[in-house]
Every structure is written in C-alpha cells, then in structure tokens.
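entry.txt (compact mmCIF, C-alpha atoms)
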# COMPACT_ATOMS: atom_id res chain seq x y z
CA MET A 6 -37.77 2.98 1.65
CA ASP A 7 -38.46 1.87 5.21
CA LEU A 8 -35.32 0.46 6.81
CA PHE A 9 -37.05 -2.62 8.20
CA GLU A 10 -38.79 -3.29 4.88
CA LYS A 11 -35.37 -3.41 3.25
CA LEU A 12 -34.23 -5.97 5.81
CA ARG A 13 -37.30 -8.09 5.17
CA THR A 14 -36.70 -8.18 1.42
CA ASN A 15 -32.93 -8.64 1.53
CA ARG A 16 -31.97 -11.21 4.14
CA GLY A 17 -28.27 -11.28 3.28
CA PRO A 18 -26.18 -14.13 1.81
CA LEU A 19 -26.60 -16.38 4.84
CA GLY A 20 -29.99 -15.23 6.04
CA SER A 21 -31.55 -16.00 2.67
CA HIS A 22 -31.18 -19.70 3.51
CA SER A 23 -32.43 -19.46 7.08
CA HIS A 24 -35.91 -20.82 6.32
CA TYR A 25 -34.51 -24.33 5.82
CA ALA A 26 -31.04 -24.15 7.40
CA HIS A 27 -31.81 -22.74 10.85
CA GLY A 28 -31.42 -25.27 13.65
CA TYR A 29 -29.68 -27.87 11.53
CA PHE A 30 -27.06 -26.45 9.16
CA THR A 31 -26.95 -23.08 10.90
CA PHE A 32 -27.35 -22.48 14.63
CA PRO A 33 -27.34 -26.23 15.44
CA LYS A 34 -27.55 -27.19 19.11
CA LEU A 35 -24.90 -29.55 20.45
CA GLU A 36 -25.89 -30.64 23.94
CA GLY A 37 -24.13 -32.26 26.86
CA GLU A 38 -20.62 -31.93 28.26
CA ILE A 39 -18.08 -30.56 25.78
CA ALA A 40 -16.45 -33.71 24.45
CA PRO A 41 -15.77 -35.60 21.21
CA ARG A 42 -19.20 -37.23 21.59
CA MET A 43 -22.21 -35.03 22.24
CA LYS A 44 -25.95 -34.96 21.56
CA PHE A 45 -27.41 -33.47 18.38
CA ARG A 46 -31.19 -33.51 18.09
CA GLY A 47 -31.34 -36.34 20.60
CA LYS A 48 -28.68 -38.51 18.93
CA ASP A 49 -25.10 -39.24 19.99
CA VAL A 50 -22.68 -37.80 17.43
CA LEU A 51 -18.92 -37.82 17.05
CA THR A 52 -18.08 -34.14 16.97
CA TRP A 53 -15.28 -32.51 14.94
CA SER A 54 -16.50 -28.91 15.11
CA LEU A 55 -15.16 -27.61 18.44
CA ASN A 56 -11.95 -25.58 18.71
CA ASN A 57 -11.15 -27.29 22.01
CA TYR A 58 -7.68 -28.16 20.73
CA LEU A 59 -6.05 -29.24 23.99
CA GLY A 60 -9.17 -30.70 25.57
CA LEU A 61 -9.17 -28.08 28.35
CA ALA A 62 -12.91 -27.35 28.21
CA ASN A 63 -13.66 -30.16 30.66
CA HIS A 64 -10.23 -30.73 32.16
CA PRO A 65 -10.83 -31.41 35.87
CA GLU A 66 -8.29 -28.83 37.04
CA VAL A 67 -9.86 -26.21 34.78
CA ARG A 68 -13.40 -26.99 35.91
CA LYS A 69 -12.28 -26.81 39.55
CA ALA A 70 -10.53 -23.45 39.06
CA ASP A 71 -13.53 -22.00 37.19
CA ALA A 72 -16.00 -23.17 39.84
CA GLU A 73 -13.95 -21.93 42.79
CA ALA A 74 -13.34 -18.54 41.16
CA ALA A 75 -17.02 -18.14 40.34
CA ALA A 76 -18.00 -19.05 43.90
CA GLN A 77 -15.48 -16.65 45.41
CA TRP A 78 -15.87 -13.67 43.09
CA GLY A 79 -19.08 -14.04 41.07
CA MET A 80 -19.27 -12.72 37.52
CA ALA A 81 -19.53 -9.02 38.44
CA THR A 82 -16.06 -8.52 39.91
CA PRO A 83 -14.36 -6.28 39.00
CA MET A 84 -16.89 -3.59 38.17
CA GLY A 85 -16.16 -0.94 35.58
CA ALA A 86 -13.56 -0.53 32.85
CA ARG A 87 -9.98 -1.28 33.88
CA ILE A 88 -8.89 2.29 33.23
CA MET A 89 -11.43 3.53 35.79
CA SER A 90 -12.13 0.93 38.47
CA GLY A 91 -11.79 -2.57 37.01
CA ASN A 92 -8.10 -3.35 37.38
CA THR A 93 -6.78 -6.13 39.66
CA ASN A 94 -3.54 -7.90 40.50
CA TYR A 95 -4.90 -11.03 38.82
CA HIS A 96 -5.44 -9.20 35.52
CA GLU A 97 -1.88 -7.88 35.62
CA GLN A 98 -0.52 -11.30 36.62
CA LEU A 99 -2.22 -12.92 33.62
CA GLU A 100 -0.83 -10.27 31.29
CA SER A 101 2.69 -10.81 32.64
CA GLU A 102 2.48 -14.60 32.29
CA LEU A 103 1.03 -14.40 28.77
CA ALA A 104 3.81 -12.04 27.67
CA GLU A 105 6.47 -14.37 29.03
CA PHE A 106 4.85 -17.41 27.40
CA VAL A 107 4.77 -15.86 23.91
CA GLN A 108 8.23 -14.34 24.38
CA LYS A 109 7.20 -10.69 24.29
CA PRO A 110 8.00 -7.90 26.78
CA ASP A 111 4.39 -7.04 27.66
CA ALA A 112 0.77 -7.98 27.00
CA LEU A 113 -2.71 -6.52 27.33
CA LEU A 114 -5.87 -8.48 28.13
CA LEU A 115 -8.85 -8.08 25.78
CA ASN A 116 -12.48 -8.98 26.40
CA PHE A 117 -13.06 -10.63 23.02
CA GLY A 118 -10.94 -11.72 20.08
CA TYR A 119 -13.01 -10.37 17.19
CA GLN A 120 -13.63 -7.03 18.85
CA GLY A 121 -10.00 -6.92 19.97
CA VAL A 122 -8.54 -7.25 16.47
CA LEU A 123 -10.80 -4.48 15.15
CA SER A 124 -9.74 -2.19 17.95
CA ILE A 125 -6.02 -3.00 17.69
CA ILE A 126 -6.01 -2.05 14.01
CA ASP A 127 -8.01 1.09 14.73
CA ALA A 128 -5.57 2.14 17.45
CA LEU A 129 -2.35 1.37 15.59
CA VAL A 130 -2.93 3.29 12.37
CA ASP A 131 -4.24 6.70 11.32
CA ARG A 132 -5.32 8.11 7.95
CA HIS A 133 -1.71 8.74 6.89
CA ASP A 134 -0.69 5.10 7.38
CA VAL A 135 -0.97 2.17 4.96
CA ILE A 136 -2.24 -1.35 5.72
CA VAL A 137 -1.10 -4.34 3.65
CA TYR A 138 -3.00 -7.55 4.44
CA ASP A 139 -3.41 -11.16 3.28
CA ALA A 140 -6.40 -11.80 1.00
CA GLU A 141 -7.60 -14.74 3.11
CA SER A 142 -7.48 -12.90 6.43
CA HIS A 143 -10.18 -13.64 8.99
CA ALA A 144 -13.33 -11.51 8.99
CA CYS A 145 -12.18 -9.63 12.11
CA ILE A 146 -9.10 -8.40 10.20
CA ILE A 147 -11.16 -7.52 7.13
CA ASP A 148 -13.60 -5.52 9.26
CA GLY A 149 -10.73 -3.80 11.05
CA VAL A 150 -9.18 -2.84 7.72
CA ARG A 151 -12.55 -1.48 6.56
CA LEU A 152 -12.51 0.95 9.48
CA HIS A 153 -9.13 2.30 8.38
CA GLN A 154 -9.43 5.80 6.95
CA GLY A 155 -6.16 5.57 5.06
CA LYS A 156 -4.91 3.50 2.15
CA ARG A 157 -4.91 -0.31 2.19
CA PHE A 158 -3.50 -2.89 -0.20
CA VAL A 159 -4.28 -6.61 -0.28
CA PHE A 160 -1.76 -9.29 -1.32
CA SER A 161 -2.59 -12.72 -2.72
CA HIS A 162 -2.76 -15.39 -0.03
CA ASN A 163 0.71 -16.36 1.17
CA ASP A 164 2.19 -15.00 -2.07
CA MET A 165 5.46 -13.26 -1.21
CA ALA A 166 5.88 -11.82 -4.71
CA SER A 167 2.44 -10.24 -4.39
CA LEU A 168 3.28 -8.96 -0.91
CA GLU A 169 6.51 -7.43 -2.16
CA LYS A 170 4.65 -5.69 -4.99
CA GLN A 171 2.10 -4.27 -2.55
CA LEU A 172 4.86 -3.17 -0.18
CA GLU A 173 6.44 -1.24 -3.03
CA ARG A 174 3.13 0.52 -3.64
CA ALA A 175 2.61 1.07 0.09
CA THR A 176 6.11 2.53 0.46
CA ARG A 177 5.49 5.08 -2.29
CA TRP A 178 2.17 6.02 -0.73
CA ALA A 179 3.59 6.34 2.78
CA GLU A 180 6.43 8.51 1.53
CA ASN A 181 3.86 10.94 0.15
CA THR A 182 1.72 11.01 3.30
CA GLY A 183 4.48 10.80 5.86
CA GLY A 184 2.80 7.68 7.24
CA ALA A 185 3.93 4.19 8.19
CA ILE A 186 3.13 0.65 6.98
CA LEU A 187 1.39 -2.13 8.91
CA VAL A 188 1.39 -5.67 7.44
CA ILE A 189 -1.33 -7.98 8.75
CA THR A 190 -1.51 -11.74 8.35
CA GLU A 191 -2.35 -14.88 10.32
CA GLY A 192 -0.28 -17.59 11.95
CA VAL A 193 -2.73 -20.38 11.06
CA PHE A 194 -5.50 -19.72 8.57
CA GLY A 195 -8.62 -21.17 10.15
CA MET A 196 -10.29 -22.55 7.01
CA SER A 197 -7.42 -23.98 4.98
CA GLY A 198 -5.12 -24.82 7.89
CA ASN A 199 -2.23 -23.21 5.99
CA LEU A 200 0.46 -21.48 8.01
CA GLY A 201 1.17 -17.86 7.22
CA LYS A 202 4.67 -17.52 5.77
CA LEU A 203 5.72 -15.46 8.75
CA ASP A 204 9.43 -16.17 8.39
CA GLU A 205 9.36 -14.96 4.79
CA VAL A 206 7.33 -11.89 5.71
CA VAL A 207 9.84 -11.04 8.45
CA LYS A 208 12.66 -11.48 5.94
CA LEU A 209 11.14 -8.68 3.84
CA LYS A 210 11.92 -6.26 6.66
CA GLU A 211 15.46 -6.24 5.29
CA LYS A 212 14.10 -4.55 2.16
CA PHE A 213 11.06 -2.61 3.39
CA GLN A 214 10.18 -0.61 6.49
CA PHE A 215 7.00 -1.96 8.07
CA ARG A 216 5.59 -3.44 11.28
CA LEU A 217 3.99 -6.89 11.40
CA PHE A 218 0.73 -7.74 13.18
CA VAL A 219 -0.12 -11.46 13.40
CA ASP A 220 -3.44 -13.01 14.42
CA ASP A 221 -2.41 -16.42 15.78
CA ALA A 222 -5.76 -17.58 17.17
CA HIS A 223 -5.32 -21.15 15.89
CA GLY A 224 -1.55 -21.30 16.49
CA PHE A 225 -1.39 -20.29 20.14
CA GLY A 226 -1.11 -23.47 22.23
CA THR A 227 -0.91 -25.76 19.20
CA MET A 228 2.19 -24.67 17.28
CA GLY A 229 5.82 -24.37 18.32
CA LYS A 230 8.01 -26.33 20.70
CA THR A 231 6.41 -24.80 23.79
CA GLY A 232 3.05 -23.94 22.21
CA ALA A 233 3.97 -20.26 21.97
CA GLY A 234 2.59 -20.17 18.44
CA THR A 235 3.36 -20.16 14.76
CA GLY A 236 6.18 -17.64 15.09
CA GLU A 237 7.96 -19.97 17.47
CA HIS A 238 7.29 -22.89 15.10
CA LEU A 239 8.84 -20.98 12.18
CA GLY A 240 11.67 -19.49 14.24
CA CYS A 241 10.65 -15.85 13.75
CA GLN A 242 8.75 -14.89 16.91
CA ASP A 243 11.09 -11.93 17.44
CA GLY A 244 10.11 -10.54 14.05
CA ILE A 245 6.42 -10.35 14.95
CA ASP A 246 5.88 -6.83 16.26
CA VAL A 247 2.30 -7.25 17.47
CA TYR A 248 1.16 -10.75 18.44
CA PHE A 249 -2.52 -11.51 19.04
CA SER A 250 -4.44 -14.57 20.15
CA THR A 251 -7.80 -15.44 21.61
CA PHE A 252 -8.72 -17.66 24.57
CA ALA A 253 -11.55 -19.20 22.52
CA LYS A 254 -9.42 -21.93 20.93
CA SER A 255 -6.67 -23.71 22.90
CA MET A 256 -7.70 -22.04 26.16
CA ALA A 257 -11.38 -23.06 25.73
CA SER A 258 -12.67 -19.85 27.30
CA ILE A 259 -13.57 -16.22 26.56
CA GLY A 260 -11.14 -13.35 26.16
CA ALA A 261 -7.98 -12.55 24.22
CA PHE A 262 -4.66 -10.74 24.47
CA VAL A 263 -2.20 -8.72 22.44
CA ALA A 264 1.56 -8.81 23.13
CA ALA A 265 4.32 -6.47 21.97
CA ASP A 266 7.03 -4.14 23.26
CA GLU A 267 6.21 -2.23 26.45
CA GLN A 268 5.71 1.11 24.69
CA VAL A 269 3.35 -0.41 22.12
CA VAL A 270 1.30 -2.19 24.79
CA GLU A 271 1.20 0.96 26.90
CA TYR A 272 -0.07 2.88 23.88
CA LEU A 273 -2.76 0.28 23.22
CA ARG A 274 -3.74 0.25 26.90
CA TYR A 275 -4.61 3.95 26.70
CA ASN A 276 -5.95 4.06 23.14
CA MET A 277 -7.92 0.86 22.43
CA ARG A 278 -11.48 2.11 22.53
CA SER A 279 -12.97 -1.39 22.86
CA GLN A 280 -11.13 -1.77 26.17
CA ILE A 281 -11.22 1.78 27.51
CA PHE A 282 -15.02 1.88 27.24
CA ALA A 283 -15.78 -1.75 28.16
CA LYS A 284 -16.24 -3.50 31.49
CA SER A 285 -13.20 -5.40 32.69
CA LEU A 286 -12.90 -9.13 32.00
CA PRO A 287 -14.74 -10.90 34.90
CA MET A 288 -12.53 -12.40 37.60
CA PRO A 289 -13.55 -16.07 37.06
CA LEU A 290 -12.46 -15.80 33.44
CA VAL A 291 -9.13 -14.28 34.46
CA ILE A 292 -8.39 -16.86 37.15
CA GLY A 293 -9.59 -19.61 34.83
CA ALA A 294 -7.21 -18.34 32.14
CA LEU A 295 -4.32 -18.43 34.61
CA LYS A 296 -5.05 -22.12 35.26
CA ARG A 297 -5.33 -22.86 31.53
CA LEU A 298 -2.04 -21.10 30.82
CA GLU A 299 -0.41 -23.07 33.62
CA LEU A 300 -1.53 -26.30 31.95
CA LEU A 301 -0.22 -25.12 28.58
CA ARG A 302 3.17 -24.56 30.20
CA THR A 303 3.38 -27.62 32.43
CA LYS A 304 1.57 -30.35 30.49
CA PRO A 305 3.20 -30.64 27.04
CA GLU A 306 1.57 -34.06 26.76
CA LEU A 307 -1.70 -32.25 25.90
CA LYS A 308 -0.18 -30.78 22.75
CA ASP A 309 1.57 -34.09 22.02
CA GLN A 310 -1.76 -35.93 22.20
CA LEU A 311 -3.36 -33.33 19.93
CA TRP A 312 -0.69 -33.93 17.30
CA THR A 313 -1.04 -37.71 17.64
CA ILE A 314 -4.68 -37.30 16.62
CA VAL A 315 -3.87 -34.69 13.94
CA ASP A 316 -1.23 -36.90 12.32
CA ALA A 317 -3.45 -39.99 12.40
CA LEU A 318 -6.44 -38.14 10.94
CA GLN A 319 -4.57 -36.30 8.21
CA SER A 320 -2.35 -39.22 7.16
CA GLY A 321 -5.34 -41.56 7.21
CA LEU A 322 -7.40 -39.26 5.00
CA ARG A 323 -4.52 -38.79 2.55
CA GLU A 324 -3.92 -42.55 2.36
CA LYS A 325 -7.57 -43.01 1.35
CA GLY A 326 -7.16 -40.47 -1.44
CA PHE A 327 -8.89 -37.50 0.16
CA ASN A 328 -7.78 -33.99 -0.75
CA ILE A 329 -7.00 -32.12 2.48
CA GLY A 330 -5.20 -29.27 0.77
CA THR A 331 -1.87 -28.07 2.12
CA THR A 332 -2.67 -27.86 5.81
CA THR A 333 0.27 -28.12 8.18
CA SER A 334 -1.75 -27.32 11.29
CA PRO A 335 -4.48 -29.12 13.26
CA VAL A 336 -7.17 -27.54 11.06
CA THR A 337 -8.17 -30.31 8.64
CA PRO A 338 -10.24 -29.43 5.55
CA VAL A 339 -11.56 -32.18 3.30
CA PHE A 340 -12.33 -31.00 -0.25
CA LEU A 341 -14.96 -32.82 -2.30
CA ASN A 342 -16.51 -32.09 -5.69
CA GLY A 343 -20.21 -31.30 -5.62
CA GLN A 344 -22.87 -28.65 -5.63
CA ILE A 345 -24.84 -27.17 -2.74
CA PRO A 346 -27.69 -29.75 -2.97
CA ASP A 347 -25.06 -32.51 -2.80
CA ALA A 348 -23.53 -30.83 0.23
CA THR A 349 -26.90 -30.68 1.94
CA GLN A 350 -27.65 -34.36 1.40
CA LEU A 351 -24.10 -35.42 2.27
CA THR A 352 -24.23 -33.54 5.56
CA LEU A 353 -27.59 -35.06 6.42
CA ASP A 354 -26.18 -38.52 5.69
CA LEU A 355 -23.12 -37.94 7.87
CA ARG A 356 -25.17 -36.70 10.80
CA GLU A 357 -28.20 -38.96 10.57
CA ASN A 358 -26.73 -42.28 9.41
CA PHE A 359 -23.07 -42.14 10.40
CA ASN A 360 -23.44 -39.95 13.51
CA ILE A 361 -20.57 -37.70 12.44
CA PHE A 362 -20.91 -33.97 13.12
CA CYS A 363 -18.50 -31.62 11.34
CA SER A 364 -18.75 -28.19 9.79
CA ILE A 365 -19.64 -27.82 6.12
CA VAL A 366 -18.44 -24.95 3.92
CA VAL A 367 -19.80 -24.14 0.45
CA TYR A 368 -19.76 -21.31 -2.08
CA PRO A 369 -19.00 -18.39 -1.73
CA VAL A 370 -16.48 -19.29 0.99
CA VAL A 371 -15.02 -21.92 -1.35
CA PRO A 372 -15.29 -22.00 -5.18
CA LYS A 373 -18.45 -23.20 -6.89
CA ASP A 374 -18.80 -26.98 -7.18
CA VAL A 375 -16.54 -27.49 -4.15
CA ILE A 376 -17.69 -28.87 -0.81
CA MET A 377 -15.37 -28.43 2.15
CA LEU A 378 -15.84 -30.46 5.32
CA ARG A 379 -13.83 -28.88 8.14
CA LEU A 380 -12.53 -31.11 10.92
CA ILE A 381 -10.99 -29.86 14.17
CA PRO A 382 -9.07 -32.66 15.91
CA THR A 383 -8.44 -32.27 19.64
CA ALA A 384 -6.44 -33.92 22.38
CA ALA A 385 -9.72 -35.37 23.68
CA HIS A 386 -10.29 -37.45 20.54
CA THR A 387 -9.09 -41.04 20.27
CA LEU A 388 -7.56 -43.07 17.46
CA GLU A 389 -10.81 -45.04 17.37
CA ASP A 390 -12.66 -41.77 16.67
CA VAL A 391 -10.27 -41.14 13.80
CA GLN A 392 -10.82 -44.56 12.23
CA GLU A 393 -14.59 -44.33 12.57
CA THR A 394 -14.55 -40.98 10.80
CA ILE A 395 -12.29 -42.09 7.95
CA ASP A 396 -14.51 -45.16 7.38
CA ALA A 397 -17.59 -42.92 7.22
CA PHE A 398 -15.90 -40.47 4.85
CA GLU A 399 -14.99 -43.30 2.49
CA LYS A 400 -18.62 -44.32 2.25
CA ILE A 401 -20.03 -40.84 1.72
CA ALA A 402 -17.34 -40.12 -0.91
CA GLN A 403 -18.42 -43.23 -2.84
CA LYS A 404 -22.04 -42.09 -2.75
CA LEU A 405 -21.05 -38.62 -3.92
CA ASP A 406 -18.98 -40.02 -6.80
CA LYS A 407 -21.94 -42.17 -7.92
CA GLY A 408 -24.25 -39.15 -7.89
CA LEU A 409 -26.53 -40.71 -5.28
CA TYR A 410 -26.95 -37.50 -3.31
CA SER A 411 -28.29 -35.70 -6.38
CA LYS A 412 -30.73 -38.47 -7.28
CA SER A 413 -32.70 -38.90 -4.07
CA PRO A 414 -33.04 -37.30 -0.66
CA VAL A 415 -31.36 -38.93 2.31
CA THR A 416 -33.51 -40.62 4.93
CA ALA A 417 -32.32 -41.49 8.40
If you convert what's in this file into structure tokens, what do you get?
Amino acid sequence: MDLFEKLRTNRGPLGSHSHYAHGYFTFPKLEGEIAPRMKFRGKDVLTWSLNNYLGLANHPEVRKADAEAAAQWGMATPMGARIMSGNTNYHEQLESELAEFVQKPDALLLNFGYQGVLSIIDALVDRHDVIVYDAESHACIIDGVRLHQGKRFVFSHNDMASLEKQLERATRWAENTGGAILVITEGVFGMSGNLGKLDEVVKLKEKFQFRLFVDDAHGFGTMGKTGAGTGEHLGCQDGIDVYFSTFAKSMASIGAFVAADEQVVEYLRYNMRSQIFAKSLPMPLVIGALKRLELLRTKPELKDQLWTIVDALQSGLREKGFNIGTTTSPVTPVFLNGQIPDATQLTLDLRENFNIFCSIVVYPVVPKDVIMLRLIPTAAHTLEDVQETIDAFEKIAQKLDKGLYSKSPVTA
C-alpha cells in the first residue's frame, strides 16, 4: 500500500472530524491582545481557554522586557546548541533562579515542555530500568514511556493501592535485571484539575526504592505558598527527585526547565538529546523568563487574584448544582450529560449566543455520553466575568436537560 494513500483513507481519531470541525471546534482563531475578552470570528467573546494563569501575557513589565530584549538581541542570539556555542550568562542565571525558586539545588533550561519530558525520560532510564506511571498522565509522559526499551507498569489514577501493587511488580523485575525504578506522575492533572497525591507517593519511599519524576506544568506558579508548585503545597517538595515545569502556563511564554540535585542535572545536561542537538533558547525568551520569574517571586498578589477568581468560579458553579469533579486546582472542568451532537450544538450556542469561549472535551477523552467543558480562570478575569459565565451555563444546562440541542440546530 502507498504510504500517502493510507493517510488519505485513515485520517486518525481527530482528523476524521476535520471536514466540519476545522476552524471552529479545532484550530479556532482567537484574535486580539491576550485577555479575558478576545475576538472569535469577528465577535467579542469571554475566553476561558488560555493557560495565562497569572495574567503575565500582557503584563506591562513583561511586554517591556520582551520588547527591549528583542530589540537588543534579536531572535537569533545565541547561535548553536548550548553545548557547542549557545551558552550565555543569562541562561545560567535563569537556571540558578529557577532552581532556588522551586527549592532544588540545580536546574536545566529546556526549549519546549513536551519535547523536554520525552527527552528527560529517555535520558534517565535504560532497558534494565522500570517505569511506573499514572494512568492519566499527560501525552508527553505517555510518549516518553513509549520510547522506553525496558519494562513499564501503569497504576490507576491517584490510586495508592494500585501504585503499591505495581511497585511490588517493578521491584521484582528490577531485581532480576539489576535496574532501577522511576515513578512518574503529575502535580496538577490538566483535564480533571486533580492534584497528584505526591505526599502519599513520597511516603511509599519508606517501603520501596524508587525515584520520583513530577510534571508540574499546571502547578508551577499557581500552587504552594510561594508558587513553587504542588510539592510545596503538599509539603513534600524535598521528596520530588526530578521536578519539571513549562513556561507555557503561568509564565505565558515558551520554554521549560527541569530541576534536581546537581549530579542529576549535570547528567541531563550532557545526555538529553533534545537539548544537545537543538539550538539554544533565544535570548529574548530567556530575559523575558527572568522578568516573569521576578514577578512570580515579588508579586504574590497575582496568585492571590487568580485564586479569588478560582474560588468564585468553582463555588458559584457548585452552588448552581454543576458537577466540577474533584478539582482542587485552578483547572475547572464542568461535566454534563450528553452525546457528541449535543456537545456540538451546546458549544455553538455558548459561542454564538452567549459569547462564551471555552474548550470542549468529548469521548474518547471522557466516557461516552459525557460532555466536559474546561475552564481556565486567570488573574486577569473579573468577578463580573465569573457571574456572566455562570448565568450562561445555567441557561445552556436547562436547554440540554430539555433535549433542545438534540431536537434542532442552533442559530446565532
């Protein structure tokens, strides 16, 4: 069979819907300055789909730092991979400040979060080692685990009994191969908003020998007294052996970092193929990240404002009878009963008639007959935004319960 012919006949689980979804449900274009209210297909919409948790995307100090760095350095500096010719004092300064902020001895800058997680896993383990990972781990973790040439075991989401059972299996396997065990989980799970039970995982180190790698993309900057993440929030940051986060959420930028003991970071620095063979992170992004980190440290009111909005949104939804699961983070899922055609019409109604833009998740990401609307509150939102959204959700829920979305198409 011709390779391209196969691609034409099998578009994949998402691509099979592209003929009607593209440009509206998938690959939509939000236009204008990054803010709670933006333009979608020429209309003003209240937006709950941006991971701009602390509102830094258009913070004046951030915009000024980005612009000045771009004017001074351009996007080409430094040229080459860091191991060859792309290292600078600014890169090392950012690594040092990130390590101090997340309470780890050392840190390494990464160009991208997704690529970084894959490469961290690849570098840390060999075919003799065993990976044990949470069933609801992000796609970057799943893909990293797929690259592993050794054994891997999956434990039920946040189920410590399941984790303990898999650790028993992993221990027996590692004893036979002479390998080690790496446990992988997340600080905040980006769909459900659940926190990983990091403190309970760390407690299992008293019974089993393993190292813990945590992806805290949604926890960095939002969780913990200082914003150092979910480990700080749960009082177990010291028990996290390898801490990862991206700049794409609270930092509203591009890039990522991994933090650990000096020897581990030094090993990763010389063995992470995605960094060794990639151009160094451009200077404006590095200097911009330094400014963003400074604001995380010096302006706790940003995180306080975020949680004011989070608490108002989540308590308001619960009071109106909405099921938002067990989230204890800013990520706010709203679970409704309905099928994919209902979800399509409901989303159209929200966007066209209520001017509310949020992400929609359907099967197979969630079970059949479940619709999940995913809201991301930010420090830039207002309490008025929250009330407007809750009012709109009440109305669409009533329509859904009456079966109106199944009976007739929505018109704007």
Excluding same-chain residues fewer than 3 positions from Pro41 (chain A), what lies within 10 Å of it counting all atoms listed in the file, as an mmCIF file with C-alpha atoms, keeping the file's coordinate frame?
data_model
loop_
_atom_site.group_PDB
_atom_site.id
_atom_site.type_symbol
_atom_site.label_atom_id
_atom_site.label_comp_id
_atom_site.auth_asym_id
_atom_site.auth_seq_id
_atom_site.Cartn_x
_atom_site.Cartn_y
_atom_site.Cartn_z
ATOM 1 C CA GLU A 38 -20.620 -31.930 28.260
ATOM 2 C CA VAL A 50 -22.680 -37.800 17.430
ATOM 3 C CA LEU A 51 -18.920 -37.820 17.050
ATOM 4 C CA THR A 52 -18.080 -34.140 16.970
ATOM 5 C CA TRP A 53 -15.280 -32.510 14.940
ATOM 6 C CA SER A 54 -16.500 -28.910 15.110
ATOM 7 C CA LEU A 55 -15.160 -27.610 18.440
ATOM 8 C CA ASN A 57 -11.150 -27.290 22.010
ATOM 9 C CA GLY A 60 -9.170 -30.700 25.570
ATOM 10 C CA PHE A 362 -20.910 -33.970 13.120
ATOM 11 C CA PRO A 382 -9.070 -32.660 15.910
ATOM 12 C CA THR A 383 -8.440 -32.270 19.640
ATOM 13 C CA ALA A 384 -6.440 -33.920 22.380
ATOM 14 C CA ALA A 385 -9.720 -35.370 23.680
ATOM 15 C CA HIS A 386 -10.290 -37.450 20.540
ATOM 16 C CA THR A 387 -9.090 -41.040 20.270
ATOM 17 C CA ASP A 390 -12.660 -41.770 16.670
#
Contacts of Pro305 (chain A) at 8 Å (all atoms listed in the file; same-chain gap of 4+ positions) as a list in words: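 Close residues of Pro305 (chain A): Thr231, Leu301 and Asp309 of chain A.
Checking A:Lys230, A:Arg68, A:Arg356, A:Lys325 one by one against Ala402 (chain A), counting only C-alpha atoms, you find the shortest gap at A:Lys325.
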Would you please work out which residue, of A:Ser320, A:Gln403, A:Ser101, A:Thr313, is nearest to Glu267 (chain A) when using only C-alpha atoms? A:Ser101
Counting all atoms listed in the file, the option among A:Gly149, A:Gly118, A:Pro18, A:Gly184 closest to Ile259 (chain A):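 Once distances to Ile259 (chain A) are computed over all atoms listed in the file, the minimum belongs to A:Gly118.
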Quick one: residues within 9 Å of His223 (chain A), all atoms listed in the file, excluding same-chain residues fewer than 2 positions away - as a tab-separated table (two decimals) with C-alpha atoms, in the coordinates of the input?
chain	number	residue	atom	x	y	z
A	56	ASN	CA	-11.95	-25.58	18.71
A	58	TYR	CA	-7.68	-28.16	20.73
A	191	GLU	CA	-2.35	-14.88	10.32
A	192	GLY	CA	-0.28	-17.59	11.95
A	193	VAL	CA	-2.73	-20.38	11.06
A	194	PHE	CA	-5.50	-19.72	8.57
A	195	GLY	CA	-8.62	-21.17	10.15
A	198	GLY	CA	-5.12	-24.82	7.89
A	220	ASP	CA	-3.44	-13.01	14.42
A	221	ASP	CA	-2.41	-16.42	15.78
A	225	PHE	CA	-1.39	-20.29	20.14
A	226	GLY	CA	-1.11	-23.47	22.23
A	227	THR	CA	-0.91	-25.76	19.20
A	228	MET	CA	2.19	-24.67	17.28
A	234	GLY	CA	2.59	-20.17	18.44
A	235	THR	CA	3.36	-20.16	14.76
A	250	SER	CA	-4.44	-14.57	20.15
A	251	THR	CA	-7.80	-15.44	21.61
A	254	LYS	CA	-9.42	-21.93	20.93
A	255	SER	CA	-6.67	-23.71	22.90
A	334	SER	CA	-1.75	-27.32	11.29
A	335	PRO	CA	-4.48	-29.12	13.26
A	336	VAL	CA	-7.17	-27.54	11.06
Can you work out which one of A:Glu271, A:Asp204, A:Glu10, A:Asp148 has the shortest atom-to-atom distance to Val122 (chain A), counting all atoms listed in the file? A:Asp148
May I ask which of the residues A:Ser23, A:Thr331, A:Asn163, A:Ser411 is the closest one to Ile189 (chain A), counting all atoms listed in the file? A:Asn163
Using all atoms listed in the file, determine which residues lie at most 10 Å from Ala112 (chain A), disregarding the query and same-chain residues fewer than 2 positions distant; provide the list as a tab-separated table (two decimals) with C-alpha atoms, in the frame of the given file.
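The file below, result_13.tsv, is the result:
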chain	number	residue	atom	x	y	z
A	97	GLU	CA	-1.88	-7.88	35.62
A	99	LEU	CA	-2.22	-12.92	33.62
A	100	GLU	CA	-0.83	-10.27	31.29
A	101	SER	CA	2.69	-10.81	32.64
A	102	GLU	CA	2.48	-14.60	32.29
A	103	LEU	CA	1.03	-14.40	28.77
A	104	ALA	CA	3.81	-12.04	27.67
A	105	GLU	CA	6.47	-14.37	29.03
A	107	VAL	CA	4.77	-15.86	23.91
A	109	LYS	CA	7.20	-10.69	24.29
A	110	PRO	CA	8.00	-7.90	26.78
A	114	LEU	CA	-5.87	-8.48	28.13
A	115	LEU	CA	-8.85	-8.08	25.78
A	247	VAL	CA	2.30	-7.25	17.47
A	248	TYR	CA	1.16	-10.75	18.44
A	249	PHE	CA	-2.52	-11.51	19.04
A	262	PHE	CA	-4.66	-10.74	24.47
A	263	VAL	CA	-2.20	-8.72	22.44
A	264	ALA	CA	1.56	-8.81	23.13
A	265	ALA	CA	4.32	-6.47	21.97
A	266	ASP	CA	7.03	-4.14	23.26
A	267	GLU	CA	6.21	-2.23	26.45
A	269	VAL	CA	3.35	-0.41	22.12
A	270	VAL	CA	1.30	-2.19	24.79
A	271	GLU	CA	1.20	0.96	26.90
A	273	LEU	CA	-2.76	0.28	23.22
A	274	ARG	CA	-3.74	0.25	26.90
I'd like the interatomic distance between CA of Phe215 (chain A) and CA of Ile186 (chain A), to a tenth of an Å.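 Computing it gives 4.8 Å between the two atoms.
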Pick from A:Glu205, A:His162, A:Gly260, A:Arg297 nearest to Gly244 (chain A), counting only C-alpha atoms: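 Checking each candidate against Gly244 (chain A), we get A:Glu205 as the closest.
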Got a sec: who's within 7 Å of Ala257 (chain A), counting all atoms listed in the file, leaving out chain neighbours fewer than 4 positions off, as a VMD selection string? chain A and resid 57 61 to 62 252 to 253
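Between CA of His143 (chain A) and CA of Asn116 (chain A) there is a distance of 18.2 Å.
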CA of Ile39 (chain A) to CA of Pro65 (chain A), distance in Å rounded to a single decimal: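 One can read the CA of Ile39 (chain A) to CA of Pro65 (chain A) distance as 12.5 Å.
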Within 12 Å of (-14.8, -18.4, 2.8), in the coordinates the file gives, what residues turn up when you count only C-alpha atoms, written out as a list of chain:residue names? A:Ala140, A:Glu141, A:Ser142, A:His143, A:Ala144, A:Phe194, A:Gly195, A:Met196, A:Ser197, A:Ile365, A:Val366, A:Val367, A:Tyr368, A:Pro369, A:Val370, A:Val371, A:Pro372, A:Lys373, A:Val375, A:Ile376, A:Met377, A:Arg379
